[in-house]
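Next comes start.txt, a file with compact mmCIF, C-alpha atoms and all ligand atoms.
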```txt
# COMPACT_ATOMS: atom_id res chain seq x y z
CA MET A 1 8.21 -3.55 -25.96
CA LYS A 2 11.91 -3.13 -26.64
CA PHE A 3 14.70 -5.68 -26.33
CA LEU A 4 16.89 -2.95 -24.87
CA ASP A 5 15.75 0.58 -24.00
CA LEU A 6 18.71 2.94 -24.22
CA ILE A 7 16.55 6.03 -23.84
CA ALA A 8 15.23 4.90 -20.45
CA GLN A 9 18.75 4.90 -19.07
CA TYR A 10 19.56 8.30 -20.55
CA LYS A 11 16.36 9.79 -19.13
CA SER A 12 17.11 8.40 -15.66
CA ILE A 13 20.34 10.45 -15.43
CA GLN A 14 19.76 13.03 -18.15
CA ARG A 15 20.93 16.02 -16.11
CA GLU A 16 24.23 14.39 -15.18
CA ILE A 17 24.86 13.26 -18.76
CA ASP A 18 23.98 16.61 -20.27
CA ALA A 19 26.31 18.34 -17.80
CA ALA A 20 29.15 15.98 -18.71
CA VAL A 21 28.62 16.56 -22.44
CA LYS A 22 28.54 20.33 -21.89
CA ARG A 23 31.72 20.12 -19.80
CA VAL A 24 33.51 18.45 -22.70
CA LEU A 25 32.08 20.82 -25.31
CA ASP A 26 33.15 23.80 -23.20
CA SER A 27 36.65 22.36 -22.74
CA GLY A 28 37.42 22.37 -26.47
CA VAL A 29 39.35 19.08 -26.09
CA PHE A 30 37.63 16.30 -28.02
CA ILE A 31 40.11 13.45 -28.28
CA GLY A 32 42.14 12.26 -25.30
CA GLY A 33 42.94 14.95 -22.75
CA THR A 34 41.96 15.24 -19.08
CA GLU A 35 38.52 13.71 -19.51
CA VAL A 36 39.98 10.51 -20.95
CA GLU A 37 42.84 10.46 -18.41
CA GLU A 38 40.43 10.82 -15.50
CA PHE A 39 38.19 8.09 -16.88
CA GLU A 40 41.21 5.81 -17.26
CA LYS A 41 42.17 6.45 -13.64
CA GLU A 42 38.63 5.71 -12.50
CA ILE A 43 38.45 2.43 -14.42
CA ALA A 44 41.90 1.40 -13.12
CA LYS A 45 40.66 2.08 -9.59
CA PHE A 46 37.40 0.22 -10.26
CA CYS A 47 39.52 -2.77 -11.28
CA SER A 48 42.16 -2.28 -8.56
CA LEU A 49 44.82 -2.31 -11.28
CA LYS A 50 47.55 0.18 -12.14
CA TYR A 51 46.83 0.93 -15.78
CA ALA A 52 43.83 1.53 -18.02
CA ILE A 53 44.17 2.58 -21.65
CA GLY A 54 41.19 4.11 -23.42
CA LEU A 55 40.68 2.96 -27.01
CA ASN A 56 38.02 3.43 -29.62
CA SER A 57 36.36 0.01 -29.34
CA GLY A 58 36.33 -3.32 -27.60
CA THR A 59 37.52 -4.85 -30.85
CA ASP A 60 40.60 -2.63 -30.81
CA ALA A 61 41.13 -3.45 -27.14
CA LEU A 62 41.45 -7.11 -28.16
CA TYR A 63 43.40 -6.46 -31.35
CA LEU A 64 45.90 -4.05 -29.84
CA SER A 65 46.47 -6.07 -26.67
CA LEU A 66 47.20 -9.18 -28.75
CA LYS A 67 49.56 -7.10 -30.89
CA ALA A 68 51.21 -5.51 -27.85
CA LEU A 69 51.73 -8.96 -26.34
CA GLY A 70 53.60 -9.95 -29.49
CA ILE A 71 51.05 -12.19 -31.20
CA LYS A 72 51.91 -12.40 -34.88
CA GLN A 73 51.70 -14.36 -38.09
CA GLY A 74 52.00 -18.10 -37.54
CA ASP A 75 51.08 -18.03 -33.86
CA GLU A 76 48.12 -19.97 -32.51
CA VAL A 77 45.69 -18.49 -30.02
CA ILE A 78 43.17 -20.62 -28.15
CA THR A 79 39.67 -19.27 -27.78
CA THR A 80 35.98 -20.15 -27.58
CA PRO A 81 33.73 -20.71 -30.62
CA PHE A 82 30.67 -19.42 -28.74
CA THR A 83 31.15 -15.67 -28.72
CA PHE A 84 30.90 -12.51 -30.78
CA ILE A 85 33.04 -12.54 -33.93
CA ALA A 86 35.50 -9.91 -32.62
CA THR A 87 37.03 -12.36 -30.16
CA ALA A 88 38.45 -14.53 -32.93
CA GLY A 89 38.42 -11.97 -35.75
CA THR A 90 41.10 -9.90 -34.02
CA ILE A 91 43.36 -12.96 -33.69
CA THR A 92 42.96 -13.61 -37.42
CA ASN A 93 43.54 -9.98 -38.37
CA LEU A 94 47.02 -10.27 -36.85
CA GLY A 95 47.80 -13.23 -39.11
CA ALA A 96 47.55 -15.62 -36.18
CA LYS A 97 45.32 -18.70 -36.13
CA PRO A 98 42.36 -19.04 -33.79
CA VAL A 99 42.18 -22.52 -32.27
CA PHE A 100 38.75 -23.23 -30.85
CA VAL A 101 37.96 -25.21 -27.73
CA ASP A 102 34.42 -26.29 -26.80
CA ILE A 103 32.43 -24.64 -24.04
CA GLU A 104 31.18 -25.73 -20.65
CA PRO A 105 27.40 -25.82 -21.20
CA ASN A 106 26.22 -24.35 -17.89
CA SER A 107 28.16 -21.11 -18.15
CA PHE A 108 28.60 -21.05 -21.96
CA ASN A 109 32.27 -20.21 -21.28
CA ILE A 110 35.38 -22.01 -22.50
CA ASN A 111 35.83 -25.44 -20.90
CA PRO A 112 39.25 -25.32 -19.22
CA THR A 113 39.56 -29.10 -19.16
CA LYS A 114 39.66 -29.09 -22.98
CA ILE A 115 42.36 -26.44 -23.36
CA GLU A 116 45.49 -28.53 -22.91
CA ALA A 117 44.63 -30.90 -25.76
CA ALA A 118 44.56 -27.89 -28.11
CA ILE A 119 48.00 -26.59 -27.17
CA THR A 120 50.80 -27.00 -29.73
CA LYS A 121 54.32 -25.60 -30.09
CA LYS A 122 52.81 -22.60 -31.85
CA THR A 123 50.32 -21.70 -29.12
CA LYS A 124 51.09 -18.30 -27.62
CA ALA A 125 47.95 -17.13 -25.85
CA ILE A 126 44.44 -17.82 -24.66
CA VAL A 127 41.66 -15.33 -25.30
CA LEU A 128 38.76 -16.22 -23.07
CA VAL A 129 35.37 -14.60 -22.90
CA HIS A 130 33.20 -13.95 -19.86
CA LEU A 131 30.01 -14.55 -21.80
CA PHE A 132 26.69 -12.90 -20.94
CA GLY A 133 28.18 -11.35 -17.77
CA GLN A 134 29.58 -14.33 -15.89
CA MET A 135 33.29 -15.03 -15.69
CA ALA A 136 35.04 -18.15 -16.96
CA ASP A 137 36.83 -20.52 -14.57
CA MET A 138 39.89 -18.34 -14.20
CA ASP A 139 41.88 -20.45 -11.72
CA LYS A 140 41.94 -23.44 -14.06
CA VAL A 141 42.72 -21.31 -17.11
CA MET A 142 45.54 -19.46 -15.33
CA GLN A 143 47.04 -22.73 -14.10
CA ILE A 144 47.24 -24.09 -17.64
CA ALA A 145 48.54 -20.79 -18.98
CA LYS A 146 51.28 -20.69 -16.36
CA LYS A 147 52.32 -24.28 -17.02
CA HIS A 148 52.60 -23.67 -20.78
CA LYS A 149 53.80 -20.04 -20.56
CA LEU A 150 50.82 -18.63 -22.45
CA LYS A 151 49.50 -15.09 -22.30
CA VAL A 152 45.92 -14.69 -21.12
CA ILE A 153 43.64 -12.01 -22.52
CA GLU A 154 40.25 -11.62 -20.89
CA ASP A 155 37.53 -10.52 -23.29
CA ALA A 156 35.44 -8.82 -20.62
CA ALA A 157 33.30 -6.86 -23.09
CA GLN A 158 30.14 -8.33 -21.52
CA ALA A 159 31.37 -8.55 -17.94
CA ILE A 160 32.52 -5.21 -16.53
CA GLY A 161 31.94 -5.43 -12.78
CA ALA A 162 31.38 -9.21 -12.70
CA ARG A 163 33.45 -11.06 -10.10
CA TYR A 164 35.19 -14.39 -9.69
CA LYS A 165 36.19 -15.11 -6.08
CA GLN A 166 35.89 -11.36 -5.38
CA ARG A 167 38.17 -10.47 -8.30
CA PRO A 168 36.70 -8.25 -11.03
CA ALA A 169 36.53 -9.35 -14.66
CA GLY A 170 39.55 -8.31 -16.66
CA THR A 171 41.98 -8.28 -13.74
CA ILE A 172 43.28 -11.85 -13.57
CA GLY A 173 44.91 -12.46 -16.96
CA ASP A 174 47.73 -10.41 -18.51
CA CYS A 175 45.11 -7.86 -19.45
CA GLY A 176 41.37 -7.34 -19.65
CA CYS A 177 39.43 -5.83 -22.55
CA PHE A 178 36.25 -3.83 -22.17
CA SER A 179 33.78 -2.49 -24.72
CA PHE A 180 31.60 0.55 -24.22
CA PHE A 181 29.39 -0.19 -27.23
CA PRO A 182 25.91 1.27 -26.54
CA SER A 183 24.37 -2.10 -25.59
CA LYS A 184 27.01 -3.07 -23.00
CA ASN A 185 26.51 -2.75 -19.23
CA LEU A 186 28.73 0.35 -19.19
CA ALA A 187 27.74 1.98 -22.45
CA GLY A 188 28.75 5.09 -24.31
CA PHE A 189 26.75 6.97 -26.91
CA GLY A 190 29.03 5.59 -29.59
CA ASP A 191 32.03 3.29 -29.80
CA GLY A 192 34.60 2.98 -27.06
CA GLY A 193 36.87 0.44 -25.41
CA MET A 194 39.56 -0.02 -22.80
CA VAL A 195 42.39 -2.33 -21.78
CA VAL A 196 43.26 -2.78 -18.12
CA THR A 197 46.51 -4.30 -16.86
CA ASP A 198 49.16 -4.22 -14.13
CA ASN A 199 51.93 -4.63 -16.71
CA LYS A 200 53.62 -1.27 -17.31
CA GLU A 201 55.41 -2.36 -20.46
CA LEU A 202 52.12 -3.55 -21.96
CA ALA A 203 50.37 -0.33 -20.95
CA ASP A 204 53.13 1.83 -22.49
CA ARG A 205 52.99 -0.17 -25.72
CA LEU A 206 49.22 0.18 -25.93
CA ARG A 207 49.49 3.95 -25.45
CA LEU A 208 51.91 4.06 -28.39
CA LEU A 209 49.86 1.73 -30.57
CA ARG A 210 46.64 3.70 -30.14
CA ASN A 211 48.29 6.86 -31.40
CA HIS A 212 50.36 5.89 -34.45
CA GLY A 213 53.33 4.93 -32.29
CA SER A 214 53.93 8.63 -31.68
CA SER A 215 56.39 9.54 -28.98
CA PRO A 216 54.64 11.14 -26.02
CA LYS A 217 57.70 13.38 -25.62
CA LYS A 218 58.39 14.59 -29.12
CA LYS A 219 55.81 15.52 -31.71
CA TYR A 220 55.90 13.67 -35.06
CA LEU A 221 58.46 11.19 -33.85
CA ASN A 222 57.02 7.75 -34.50
CA LEU A 223 58.60 4.96 -32.49
CA ILE A 224 56.61 1.94 -33.63
CA LEU A 225 53.90 1.18 -36.17
CA GLY A 226 50.58 2.04 -34.60
CA THR A 227 47.13 3.18 -35.61
CA ASN A 228 44.40 5.60 -34.59
CA SER A 229 42.42 4.03 -31.80
CA ARG A 230 41.85 6.86 -29.38
CA LEU A 231 38.89 7.37 -27.11
CA ASP A 232 36.76 10.47 -27.65
CA ALA A 233 36.59 12.90 -24.74
CA ILE A 234 32.82 13.13 -25.08
CA GLN A 235 32.48 9.35 -24.62
CA ALA A 236 34.86 9.48 -21.65
CA GLY A 237 32.75 12.22 -20.06
CA ILE A 238 29.56 10.24 -20.54
CA LEU A 239 31.17 7.00 -19.34
CA ARG A 240 32.61 8.68 -16.21
CA THR A 241 29.09 9.73 -15.33
CA LYS A 242 27.69 6.26 -15.97
CA LEU A 243 30.49 4.47 -14.12
CA LYS A 244 29.14 5.95 -10.88
CA HIS A 245 25.90 4.04 -11.47
CA LEU A 246 27.38 0.80 -12.80
CA GLU A 247 27.33 -1.30 -9.62
CA LYS A 248 23.74 -0.27 -8.93
CA TRP A 249 22.74 -1.08 -12.52
CA ASN A 250 24.50 -4.44 -12.47
CA LYS A 251 22.69 -5.28 -9.26
CA ALA A 252 19.36 -4.24 -10.77
CA ARG A 253 20.01 -6.55 -13.74
CA ALA A 254 20.77 -9.42 -11.36
CA GLU A 255 17.49 -8.76 -9.52
CA LYS A 256 15.52 -8.71 -12.78
CA ALA A 257 17.25 -11.96 -13.75
CA SER A 258 16.36 -13.59 -10.49
CA TYR A 259 12.70 -12.61 -11.00
CA TYR A 260 12.73 -14.24 -14.43
CA SER A 261 14.42 -17.38 -13.10
CA LYS A 262 12.07 -17.77 -10.16
CA ASN A 263 9.09 -17.74 -12.53
CA LEU A 264 10.55 -19.61 -15.49
CA LYS A 265 12.55 -22.42 -13.92
CA GLU A 266 9.63 -24.86 -14.01
CA ALA A 267 8.32 -23.87 -17.43
CA GLY A 268 8.51 -26.65 -20.00
CA ASP A 269 12.09 -27.80 -20.59
CA ILE A 270 13.54 -24.35 -19.89
CA LYS A 271 16.96 -24.14 -18.29
CA VAL A 272 17.40 -20.79 -16.59
CA PRO A 273 20.92 -19.29 -16.31
CA HIS A 274 23.20 -21.09 -13.91
CA ILE A 275 25.23 -18.95 -11.51
CA ASP A 276 28.36 -20.59 -10.13
CA PRO A 277 28.71 -20.12 -6.36
CA ASP A 278 32.12 -18.45 -6.60
CA LYS A 279 30.93 -15.92 -9.19
CA THR A 280 28.64 -12.94 -9.53
CA HIS A 281 26.64 -12.60 -12.73
CA ILE A 282 25.96 -9.12 -14.10
CA PHE A 283 23.48 -10.33 -16.72
CA HIS A 284 24.63 -8.50 -19.79
CA GLN A 285 22.22 -11.01 -21.29
CA TYR A 286 19.56 -13.14 -19.63
CA THR A 287 19.80 -16.34 -21.65
CA ILE A 288 17.59 -19.37 -21.26
CA ARG A 289 17.87 -22.71 -23.06
CA THR A 290 15.07 -24.79 -24.56
CA LYS A 291 14.78 -27.41 -27.29
CA HIS A 292 11.75 -25.46 -28.54
CA ARG A 293 13.76 -22.28 -29.04
CA ASP A 294 12.70 -21.41 -32.59
CA ASN A 295 9.01 -21.98 -31.92
CA LEU A 296 9.18 -20.07 -28.65
CA GLN A 297 10.89 -17.15 -30.35
CA LYS A 298 8.21 -17.11 -33.07
CA TYR A 299 5.46 -17.29 -30.47
CA LEU A 300 6.95 -14.37 -28.54
CA ALA A 301 7.37 -12.35 -31.73
CA GLY A 302 3.69 -12.96 -32.52
CA LYS A 303 2.87 -11.27 -29.21
CA GLU A 304 5.31 -8.46 -30.00
CA ILE A 305 7.85 -9.61 -27.44
CA PRO A 306 11.39 -9.21 -28.75
CA SER A 307 14.09 -11.79 -28.04
CA MET A 308 17.51 -12.48 -29.48
CA VAL A 309 19.71 -15.45 -30.27
CA TYR A 310 23.30 -14.98 -29.10
CA TYR A 311 24.78 -16.71 -31.07
CA PRO A 312 23.01 -18.60 -33.87
CA LEU A 313 26.16 -19.94 -35.56
CA PRO A 314 29.30 -20.82 -33.58
CA LEU A 315 32.46 -19.28 -34.96
CA HIS A 316 34.06 -22.55 -36.14
CA LEU A 317 31.16 -22.97 -38.59
CA GLN A 318 31.17 -19.37 -39.86
CA PRO A 319 32.00 -18.91 -43.56
CA VAL A 320 34.90 -16.63 -42.62
CA PHE A 321 36.60 -19.50 -40.75
CA LYS A 322 35.86 -22.21 -43.30
CA TYR A 323 39.57 -22.31 -44.21
CA LEU A 324 40.36 -23.59 -40.71
CA GLY A 325 38.67 -26.86 -41.66
CA TYR A 326 36.45 -27.43 -38.63
CA LYS A 327 33.58 -29.84 -39.33
CA LYS A 328 30.08 -29.75 -37.90
CA GLY A 329 29.89 -31.87 -34.77
CA ILE A 330 33.39 -31.15 -33.51
CA PHE A 331 32.21 -28.83 -30.70
CA PRO A 332 28.86 -30.36 -29.69
CA LYS A 333 28.33 -28.17 -26.62
CA ALA A 334 28.74 -24.91 -28.53
CA GLU A 335 26.66 -26.19 -31.44
CA ARG A 336 23.87 -27.32 -29.15
CA ALA A 337 23.92 -23.98 -27.33
CA SER A 338 23.54 -22.15 -30.63
CA ARG A 339 20.36 -24.16 -31.29
CA GLU A 340 18.88 -23.76 -27.81
CA VAL A 341 19.73 -20.31 -26.44
CA LEU A 342 17.30 -17.43 -26.28
CA SER A 343 18.03 -14.09 -24.65
CA LEU A 344 15.12 -12.18 -23.12
CA PRO A 345 14.91 -8.42 -22.64
CA ILE A 346 16.97 -7.33 -19.65
CA TYR A 347 18.22 -3.92 -18.60
CA PRO A 348 18.24 -2.05 -15.28
CA GLU A 349 15.11 -0.05 -16.09
CA ILE A 350 12.90 -2.85 -17.43
CA SER A 351 9.54 -2.72 -15.68
CA LYS A 352 7.97 -5.49 -13.66
CA SER A 353 4.92 -5.36 -15.92
CA CYS A 354 7.09 -6.01 -18.98
CA GLN A 355 8.76 -8.93 -17.25
CA LYS A 356 5.39 -10.27 -16.13
CA GLU A 357 4.05 -10.14 -19.67
CA ILE A 358 7.13 -11.97 -20.97
CA ILE A 359 6.90 -14.62 -18.26
CA GLU A 360 3.17 -15.17 -18.78
CA THR A 361 3.61 -15.50 -22.52
CA ILE A 362 6.37 -18.06 -22.09
CA LEU A 363 4.26 -20.06 -19.60
CA GLU A 364 1.36 -19.89 -22.05
CA PHE A 365 3.57 -21.23 -24.86
CA PHE A 366 4.57 -24.25 -22.83
CA LYS A 367 0.96 -24.98 -21.84
CA LYS A 368 0.01 -25.35 -25.50
C1 LIG B 401 30.87 -6.31 -27.86
C2 LIG B 401 31.89 -7.35 -27.86
C3 LIG B 401 33.16 -7.18 -28.45
C4 LIG B 401 33.50 -6.01 -29.32
O1 LIG B 401 33.34 -4.76 -28.77
P1 LIG B 401 33.12 -3.48 -29.73
O2 LIG B 401 33.25 -2.34 -28.78
O3 LIG B 401 31.77 -3.60 -30.33
O4 LIG B 401 34.20 -3.49 -30.74
C5 LIG B 401 34.10 -8.18 -28.31
N1 LIG B 401 33.81 -9.30 -27.65
C6 LIG B 401 32.61 -9.52 -27.09
C7 LIG B 401 32.37 -10.80 -26.34
C8 LIG B 401 31.60 -8.57 -27.18
O5 LIG B 401 30.40 -8.81 -26.64
```
Mind converting the file's structure to structure tokens?
Amino acid sequence: MKFLDLIAQYKSIQREIDAAVKRVLDSGVFIGGTEVEEFEKEIAKFCSLKYAIGLNSGTDALYLSLKALGIKQGDEVITTPFTFIATAGTITNLGAKPVFVDIEPNSFNINPTKIEAAITKKTKAIVLVHLFGQMADMDKVMQIAKKHKLKVIEDAAQAIGARYKQRPAGTIGDCGCFSFFPSKNLAGFGDGGMVVTDNKELADRLRLLRNHGSSPKKKYLNLILGTNSRLDAIQAGILRTKLKHLEKWNKARAEKASYYSKNLKEAGDIKVPHIDPDKTHIFHQYTIRTKHRDNLQKYLAGKEIPSMVYYPLPLHLQPVFKYLGYKKGIFPKAERASREVLSLPIYPEISKSCQKEIIETILEFFKK
């Protein structure tokens, strides 16, 4: 059994993918170009926003949007400690300081009621994460941001296609950041990322930043200091093909999740994922909670069932952020989550028999 089967997805649409790859190879354009421009238009349309800027990773989507929004040395940026390192690492790489705020335990997302207490004169932005495929409480976050004039960056790397009150992830803050890393719901065969926004100035700046600040009008005229963070045409071609299937795949994940939940909700002390009524969940991860997490994971491994812990150590306790001075116990909800969460295999193609085996093994564990 696999935790994630990337080959199954390729096989299911192999002809379309192969045709897209051949189209790019035959075009002779491998970085940027029409393929990337068309993909950007399609993502902008998918999000009902004006601009989408293809980049070479989700990490760069975060880093460059923070940079384009003017975040710099000495600024503070509020974020969640229960996420992938890139969320806070990009803030730090700009010389700014990540300021963590504890999570809301049902959704694992930032707790908006704790944000205001963390705001200081230096606070410039909030980077929030829509963890595991369910969006954070955007209305409350936006209200606070508006009141304190803070920028809002949505880390939607795990949530492309998820909705909050009908609005897609990435479209409510100043900008939204997507990742097309091979394990994400919309996944390339390599690295890739994108920023979406309605802000033209921000979009123009990102287009400059991703290409060494080079003028789009005059070759070798560099307007600002940028970098190389362009999206490959071959990834764009593959992702355009996959985008057509995304809603169907997200729905399939939600159905697989609901099958797990129906059968696991009574097992031992398991807490199955909570879906807020005003949100859709696209189940980038299917994550349960139990006090017996470590033993359950070992038991599953003994039966050759893979599972993962996202995330075993919250960011405020990571060695890299030791200098920030956070002590153990300061964010009890995030710390408890890191001890209790377990993600089970989920992807659109996972078979019922696999799920059954996983469910039965978990039920068996709790009987013992
Ligand atoms: C995957 C991920 C990223 C980084 O994306 P890359 O494309 O791997 O750079 C950032 N934030 C979150 C929450 C992610 O899951």
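Here CA of Thr241 (chain A) and CA of Ile53 (chain A) stand 17.8 Å from one another.
Here the question is which of A:Gly268, A:Gly89, A:Gly193, A:Gly188 gets nearest to Glu364 (chain A) using all atoms listed in the file, and that residue is A:Gly268.
Within 10 Å of Ala8 (chain A), once all atoms listed in the file are used and residues closer than 4 positions along the same chain are dropped, the contacting residues are Leu4, Ser12, Ile13, Gln14, Tyr347, Pro348, Glu349 and Ile350 of chain A.
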Open item on the list: Within 10 Å of (26.8, -23.9, -22.7) (file coordinates; only C-alpha atoms), which protein or nucleic acid residues are there? I'd like them as a ChimeraX atom specification.
Closed with: /A:82,102-111,131,273-274,289,332-338,340-341
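Distances from A:Lys279, A:His284, A:Lys200, A:Lys140 to ligand LIG 401 (chain B) were compared using only C-alpha atoms and all ligand atoms, and the smallest one belongs to A:His284.
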With the cut-off set at 6 Å and counting only C-alpha atoms and all ligand atoms, tabulate each residue of chain A with an atom at most that distance from an atom of ligand LIG 401 (chain B), showing the nearest atom pair and its distance in Å to one decimal, ordered by chain and increasing number, as CSV.
```
residue,atom,partner,partner_atom,distance
A:Ser57,CA,B:LIG401,O2,3.9
A:Gly58,CA,B:LIG401,O2,3.4
A:Thr59,CA,B:LIG401,O4,3.6
A:Thr83,CA,B:LIG401,C7,5.6
A:Phe84,CA,B:LIG401,C7,5.0
A:Ala86,CA,B:LIG401,C5,4.9
A:Thr87,CA,B:LIG401,N1,5.1
A:Val129,CA,B:LIG401,C7,5.9
A:Asp155,CA,B:LIG401,N1,5.9
A:Ala157,CA,B:LIG401,C8,4.7
A:Gln158,CA,B:LIG401,O5,5.1
A:Ser179,CA,B:LIG401,O2,4.1
A:Phe180,CA,B:LIG401,O2,5.6
A:Phe181,CA,B:LIG401,O2,4.7
A:Asp191,CA,B:LIG401,O2,5.9
A:Gly192,CA,B:LIG401,O2,5.8
A:Gly193,CA,B:LIG401,O2,5.7
```
Task: Contacts of Val196 (chain A) within 10 Å, only C-alpha atoms, excl. fewer than 2 positions in-chain, as a ChimeraX atom specification - done: /A:40,43-44,47-54,61,65,154,170-171,173-178,194,198-199,202-203
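Using only C-alpha atoms, the shortest contact distance between Leu225 (chain A) and any of A:Ala118, A:Ala169, A:Ala68, A:Val21 is found at A:Ala68.
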TODO: Calculate how many Å separate CA of Ala236 (chain A) from CA of Ser183 (chain A), rounding to one decimal.
DONE: 16.1 Å
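Straight-line separation from CA of Thr361 (chain A) to CA of Ala252 (chain A): 22.6 Å.
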TODO: Name the residues in contact with Leu66 (chain A) at a cut-off of 9 Å, using only C-alpha atoms, excluding same-chain residues fewer than 6 positions from it; report them as a PyMOL selection string.
DONE: chain A and resi 72+90-91+94+125+127+153
- [ ] Please write as number ranges by chain the list of polymer residues whose atoms come within 12 Å of (24.3, 13.4, -15.5), counting all atoms listed in the file and keeping to the coordinates of the file.
- [x] A: 9-23, 237-245
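By chain and then residue number, the residues within 6 Å of region 230-232 of chain A are Phe30, Ile31, Gly54, Leu55, Asn56 and Arg210 of chain A, counting all atoms listed in the file and disregarding those fewer than 6 positions away in sequence.
Residue neighbourhood of Thr123 (chain A), excluding near-sequence residues (fewer than 3 positions): Asp75, Glu76, Val77, Ile119 and Thr120 of chain A, at 7 Å, using all atoms listed in the file.
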Output file for the selection above: C-alpha atoms, as a compact mmCIF listing (two decimals), in the frame of the given file:
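Dumped everything to again08.txt:
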```
# COMPACT_ATOMS: atom_id res chain seq x y z
CA ASP A 75 51.08 -18.03 -33.86
CA GLU A 76 48.12 -19.97 -32.51
CA VAL A 77 45.69 -18.49 -30.02
CA ILE A 119 48.00 -26.59 -27.17
CA THR A 120 50.80 -27.00 -29.73
```
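Using all atoms listed in the file, the shortest contact distance between Lys256 (chain A) and any of A:Lys218, A:Pro345, A:Arg207, A:Ile275 is found at A:Pro345.
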Please produce region 193-209 of chain A, completed to N, CA and C atoms, as a PDB file, in the coordinates of the input.
```
ATOM      1  N   GLY A 193      36.328   1.652 -26.006  1.00  0.00           N
ATOM      2  CA  GLY A 193      36.870   0.440 -25.410  1.00  0.00           C
ATOM      3  C   GLY A 193      38.010   0.768 -24.476  1.00  0.00           C
ATOM      4  N   MET A 194      38.483  -0.257 -23.765  1.00  0.00           N
ATOM      5  CA  MET A 194      39.560  -0.020 -22.800  1.00  0.00           C
ATOM      6  C   MET A 194      40.297  -1.312 -22.520  1.00  0.00           C
ATOM      7  N   VAL A 195      41.611  -1.188 -22.269  1.00  0.00           N
ATOM      8  CA  VAL A 195      42.390  -2.330 -21.780  1.00  0.00           C
ATOM      9  C   VAL A 195      42.849  -2.007 -20.370  1.00  0.00           C
ATOM     10  N   VAL A 196      42.738  -2.963 -19.471  1.00  0.00           N
ATOM     11  CA  VAL A 196      43.260  -2.780 -18.120  1.00  0.00           C
ATOM     12  C   VAL A 196      44.348  -3.815 -17.860  1.00  0.00           C
ATOM     13  N   THR A 197      45.386  -3.396 -17.128  1.00  0.00           N
ATOM     14  CA  THR A 197      46.510  -4.300 -16.860  1.00  0.00           C
ATOM     15  C   THR A 197      47.355  -3.757 -15.703  1.00  0.00           C
ATOM     16  N   ASP A 198      48.172  -4.647 -15.127  1.00  0.00           N
ATOM     17  CA  ASP A 198      49.160  -4.220 -14.130  1.00  0.00           C
ATOM     18  C   ASP A 198      50.548  -4.181 -14.742  1.00  0.00           C
ATOM     19  N   ASN A 199      50.640  -4.515 -16.022  1.00  0.00           N
ATOM     20  CA  ASN A 199      51.930  -4.630 -16.710  1.00  0.00           C
ATOM     21  C   ASN A 199      52.277  -3.295 -17.372  1.00  0.00           C
ATOM     22  N   LYS A 200      53.292  -2.627 -16.831  1.00  0.00           N
ATOM     23  CA  LYS A 200      53.620  -1.270 -17.310  1.00  0.00           C
ATOM     24  C   LYS A 200      54.078  -1.274 -18.765  1.00  0.00           C
ATOM     25  N   GLU A 201      54.901  -2.268 -19.097  1.00  0.00           N
ATOM     26  CA  GLU A 201      55.410  -2.360 -20.460  1.00  0.00           C
ATOM     27  C   GLU A 201      54.251  -2.494 -21.464  1.00  0.00           C
ATOM     28  N   LEU A 202      53.304  -3.347 -21.106  1.00  0.00           N
ATOM     29  CA  LEU A 202      52.120  -3.550 -21.960  1.00  0.00           C
ATOM     30  C   LEU A 202      51.312  -2.258 -22.068  1.00  0.00           C
ATOM     31  N   ALA A 203      51.131  -1.579 -20.953  1.00  0.00           N
ATOM     32  CA  ALA A 203      50.370  -0.330 -20.950  1.00  0.00           C
ATOM     33  C   ALA A 203      51.067   0.725 -21.827  1.00  0.00           C
ATOM     34  N   ASP A 204      52.378   0.848 -21.685  1.00  0.00           N
ATOM     35  CA  ASP A 204      53.130   1.830 -22.490  1.00  0.00           C
ATOM     36  C   ASP A 204      52.997   1.526 -23.981  1.00  0.00           C
ATOM     37  N   ARG A 205      53.090   0.253 -24.313  1.00  0.00           N
ATOM     38  CA  ARG A 205      52.990  -0.170 -25.720  1.00  0.00           C
ATOM     39  C   ARG A 205      51.602   0.144 -26.286  1.00  0.00           C
ATOM     40  N   LEU A 206      50.584  -0.100 -25.469  1.00  0.00           N
ATOM     41  CA  LEU A 206      49.220   0.180 -25.930  1.00  0.00           C
ATOM     42  C   LEU A 206      49.016   1.676 -26.151  1.00  0.00           C
ATOM     43  N   ARG A 207      49.613   2.491 -25.288  1.00  0.00           N
ATOM     44  CA  ARG A 207      49.490   3.950 -25.450  1.00  0.00           C
ATOM     45  C   ARG A 207      50.141   4.402 -26.753  1.00  0.00           C
ATOM     46  N   LEU A 208      51.252   3.741 -27.108  1.00  0.00           N
ATOM     47  CA  LEU A 208      51.910   4.060 -28.390  1.00  0.00           C
ATOM     48  C   LEU A 208      51.048   3.579 -29.558  1.00  0.00           C
ATOM     49  N   LEU A 209      50.603   2.324 -29.457  1.00  0.00           N
ATOM     50  CA  LEU A 209      49.860   1.730 -30.570  1.00  0.00           C
ATOM     51  C   LEU A 209      48.586   2.502 -30.910  1.00  0.00           C
TER      52      LEU A 209
END
```
